[in-house]
Amino acid sequence: MALMNLLDDNPFARLLGIRYPLCQAGMYQVAYAELAAAVSEAGGLGVLGSAFMEAEDLRAEIRKVKELTDKPFGVDILFAEVSGGDQTATGYTAQVEEHINVTFEEGCHVLVSGLGNPGRIVDDAHKRGMKVMSLVGNVRQAVAVADSGVDVVIASGHEGGGHVGRVGTMALIPKVVDSVDVPVLAAGGLADGRGMIAAMALGAQGVWMGTRFIATEEARGHINYKKKIVEIDESGTVVTRAHSGKPNRMIRNQFTDSWAGREHEIKPFPQQFKEVGEPGSIRGRVEGDTETGVLPAGQGAGLIDAIPPAAHVVESIIAEARAILAGWEAA
């Protein structure tokens, strides 16, 4: 197979019916219809982030994507298991079920589990013509979701933004590729065509990028948040459980510093998120408070220096990847 076929005749892209093996992460409070549709129209896979969205708002966003594009798109749902029977945990579980029902009723091409194992809904999704992809942070999780029937595993390294595991991308991707019999996407610190080709050299069939798509015109989020991603370097983030109760990489600021030494006060997911993370996310992502707000971002932020349209991001990543492959073929 010619090297260029990694992009133009890619098995993962064929599986999903998209042009390029480049997926935009379904990020909470960021990935709405405008962003997902723009990425899909440009040839990648745009994904809606349903986390903590009201069910009817998710329905409206799905319908809006369909109005903006006829290309494949996905919906990201958090299937995380929660402990305890308090009102917050019960409400979270009910909301996840509502998201599943709305997605099944409205339809999409790809259902993504951003947290947890979606095995219980894989058969129903397949009956509806959907593919199922699942994010994992280690090999044990990858094997479990593959055994549950998912079509694609997204192996997300420690360098990524948002919820992260403990294993770095370079170590994680090849081991997951060796351990499962389904296509693997790489995630975690990837933000350009070089990262895309590096991921494929490790055995991944495509990439899943989040932070790079936050800093785009269509992404929902305050301009201060986007500018902060452009401003920081690769060392400008920190991992903390203060946002949601689970390890989460975000831009270091007064919010993250205020929790240093107070880790014992952090509650389990989703209680911590509802009491602390959600108000913090509104301050940061919606209101633009970059000091006391929550601003998830990965270490790939150090590679981001502009806030272009999402289509330009897709086109520039693919162009850079093509140039690398062409250079290899000419050598």
# chains A, B, ... in the order shown; residues from 1 in each chain; ligands from 1
call {"tool": "select_by_dssp", "arguments": {"residues": "region 7-127 of chain A", "states": "alpha helix (DSSP H)", "output": "PyMOL selection string"}}
result
chain A and resi 7-8+11-16+33-41+55-68+87-106+119-127
call {"tool": "residues_around", "arguments": {"residues": "region 280-291 of chain A", "least_positions_apart": "6", "cutoff": "7 Å", "atoms": "only C-alpha atoms", "output": "PyMOL selection string"}}
result
chain A and resi 221-225+253-255
call {"tool": "closest_residue", "arguments": {"among": "A:Asn5, A:Gln271, A:Thr169, A:Thr237", "to": "Thr256 (chain A)", "atoms": "only C-alpha atoms"}}
result
A:Thr237
call {"tool": "residues_around", "arguments": {"residues": "region 324-326 of chain A", "least_positions_apart": "2", "cutoff": "12 Å", "atoms": "only C-alpha atoms", "output": "MDAnalysis selection string"}}
result
chainID A and resid 2:8 192:198 200:201 317:322 328:331
call {"tool": "residues_around", "arguments": {"residues": "region 145-155 of chain A", "least_positions_apart": "6", "cutoff": "10 Å", "atoms": "only C-alpha atoms", "output": "number ranges by chain"}}
result
A: 12, 15-16, 110-114, 116-123, 125-126, 130-139, 165, 167, 169, 172-177, 179-188, 204-208
call {"tool": "write_last_selection", "arguments": {"atoms": "C-alpha atoms", "output": "PDB file, in the first residue's frame"}}
result
ATOM      1  CA  PHE A  12     -11.198   3.527   9.522  1.00  0.00           C
ATOM      2  CA  LEU A  15     -15.783   2.197   8.064  1.00  0.00           C
ATOM      3  CA  LEU A  16     -17.367   5.508   9.063  1.00  0.00           C
ATOM      4  CA  VAL A 110     -21.442   7.163  15.428  1.00  0.00           C
ATOM      5  CA  LEU A 111     -22.091   6.859  19.160  1.00  0.00           C
ATOM      6  CA  VAL A 112     -19.044   7.530  21.333  1.00  0.00           C
ATOM      7  CA  SER A 113     -18.549   6.681  24.978  1.00  0.00           C
ATOM      8  CA  GLY A 114     -16.367   9.429  26.409  1.00  0.00           C
ATOM      9  CA  GLY A 116     -17.097   4.099  30.739  1.00  0.00           C
ATOM     10  CA  ASN A 117     -18.007   0.952  28.824  1.00  0.00           C
ATOM     11  CA  PRO A 118     -20.989   1.275  26.439  1.00  0.00           C
ATOM     12  CA  GLY A 119     -21.325  -2.489  25.988  1.00  0.00           C
ATOM     13  CA  ARG A 120     -24.953  -2.661  27.096  1.00  0.00           C
ATOM     14  CA  ILE A 121     -26.114  -0.484  24.187  1.00  0.00           C
ATOM     15  CA  VAL A 122     -23.792  -1.750  21.428  1.00  0.00           C
ATOM     16  CA  ASP A 123     -26.301  -4.215  19.967  1.00  0.00           C
ATOM     17  CA  ALA A 125     -26.785   0.895  18.291  1.00  0.00           C
ATOM     18  CA  HIS A 126     -25.760  -1.587  15.619  1.00  0.00           C
ATOM     19  CA  MET A 130     -24.624   3.182  14.211  1.00  0.00           C
ATOM     20  CA  LYS A 131     -20.970   2.463  14.831  1.00  0.00           C
ATOM     21  CA  VAL A 132     -19.763   2.616  18.439  1.00  0.00           C
ATOM     22  CA  MET A 133     -16.424   4.038  19.576  1.00  0.00           C
ATOM     23  CA  SER A 134     -15.080   4.133  23.120  1.00  0.00           C
ATOM     24  CA  LEU A 135     -12.345   6.184  24.817  1.00  0.00           C
ATOM     25  CA  VAL A 136      -9.916   4.323  27.082  1.00  0.00           C
ATOM     26  CA  GLY A 137      -6.828   5.257  29.057  1.00  0.00           C
ATOM     27  CA  ASN A 138      -5.148   1.864  29.451  1.00  0.00           C
ATOM     28  CA  VAL A 139      -4.926  -1.574  27.859  1.00  0.00           C
ATOM     29  CA  GLY A 165      -5.461   8.244  32.389  1.00  0.00           C
ATOM     30  CA  VAL A 167      -0.220   6.295  30.544  1.00  0.00           C
ATOM     31  CA  THR A 169       0.392   8.425  24.342  1.00  0.00           C
ATOM     32  CA  LEU A 172      -0.270   3.506  25.155  1.00  0.00           C
ATOM     33  CA  ILE A 173      -1.056   3.461  21.428  1.00  0.00           C
ATOM     34  CA  PRO A 174       1.125   0.556  20.223  1.00  0.00           C
ATOM     35  CA  LYS A 175       0.218  -1.620  23.195  1.00  0.00           C
ATOM     36  CA  VAL A 176      -3.519  -1.065  22.611  1.00  0.00           C
ATOM     37  CA  VAL A 177      -3.057  -1.775  18.894  1.00  0.00           C
ATOM     38  CA  SER A 179      -4.112  -5.977  22.295  1.00  0.00           C
ATOM     39  CA  VAL A 180      -7.386  -5.523  20.366  1.00  0.00           C
ATOM     40  CA  ASP A 181      -8.738  -6.663  17.003  1.00  0.00           C
ATOM     41  CA  VAL A 182     -10.628  -3.486  16.113  1.00  0.00           C
ATOM     42  CA  PRO A 183      -9.337  -0.180  14.678  1.00  0.00           C
ATOM     43  CA  VAL A 184      -7.595   2.094  17.152  1.00  0.00           C
ATOM     44  CA  LEU A 185      -7.580   5.895  17.141  1.00  0.00           C
ATOM     45  CA  ALA A 186      -4.864   7.852  18.931  1.00  0.00           C
ATOM     46  CA  ALA A 187      -5.564  10.778  21.254  1.00  0.00           C
ATOM     47  CA  GLY A 188      -3.630  12.811  23.776  1.00  0.00           C
ATOM     48  CA  ALA A 204      -3.355   3.783  14.934  1.00  0.00           C
ATOM     49  CA  GLN A 205      -5.686   4.157  11.948  1.00  0.00           C
ATOM     50  CA  GLY A 206      -6.658   7.732  12.792  1.00  0.00           C
ATOM     51  CA  VAL A 207      -6.676  10.445  15.419  1.00  0.00           C
ATOM     52  CA  TRP A 208      -9.081  12.020  17.893  1.00  0.00           C
TER      53      TRP A 208
END
call {"tool": "atom_distance", "arguments": {"atom1": "CA of Ile77 (chain A)", "atom2": "CA of Thr240 (chain A)"}}
result
21.8 Å
call {"tool": "residues_around", "arguments": {"residues": "Asp305 (chain A)", "least_positions_apart": "2", "cutoff": "8 Å", "atoms": "only C-alpha atoms", "output": "NGL selection string"}}
result
:A and (230-231 or 302-303 or 307)
call {"tool": "write_last_selection", "arguments": {"atoms": "C-alpha atoms", "output": "PDB file, in the first residue's frame"}}
result
ATOM      1  CA  VAL A 230      -3.030  29.928  22.236  1.00  0.00           C
ATOM      2  CA  GLU A 231      -1.137  31.744  24.991  1.00  0.00           C
ATOM      3  CA  GLY A 302       1.812  24.377  22.959  1.00  0.00           C
ATOM      4  CA  LEU A 303       1.430  23.687  19.220  1.00  0.00           C
ATOM      5  CA  ILE A 307      -8.016  30.448  16.258  1.00  0.00           C
TER       6      ILE A 307
END
call {"tool": "atom_distance", "arguments": {"atom1": "CA of Val238 (chain A)", "atom2": "CA of Arg252 (chain A)"}}
result
5.6 Å
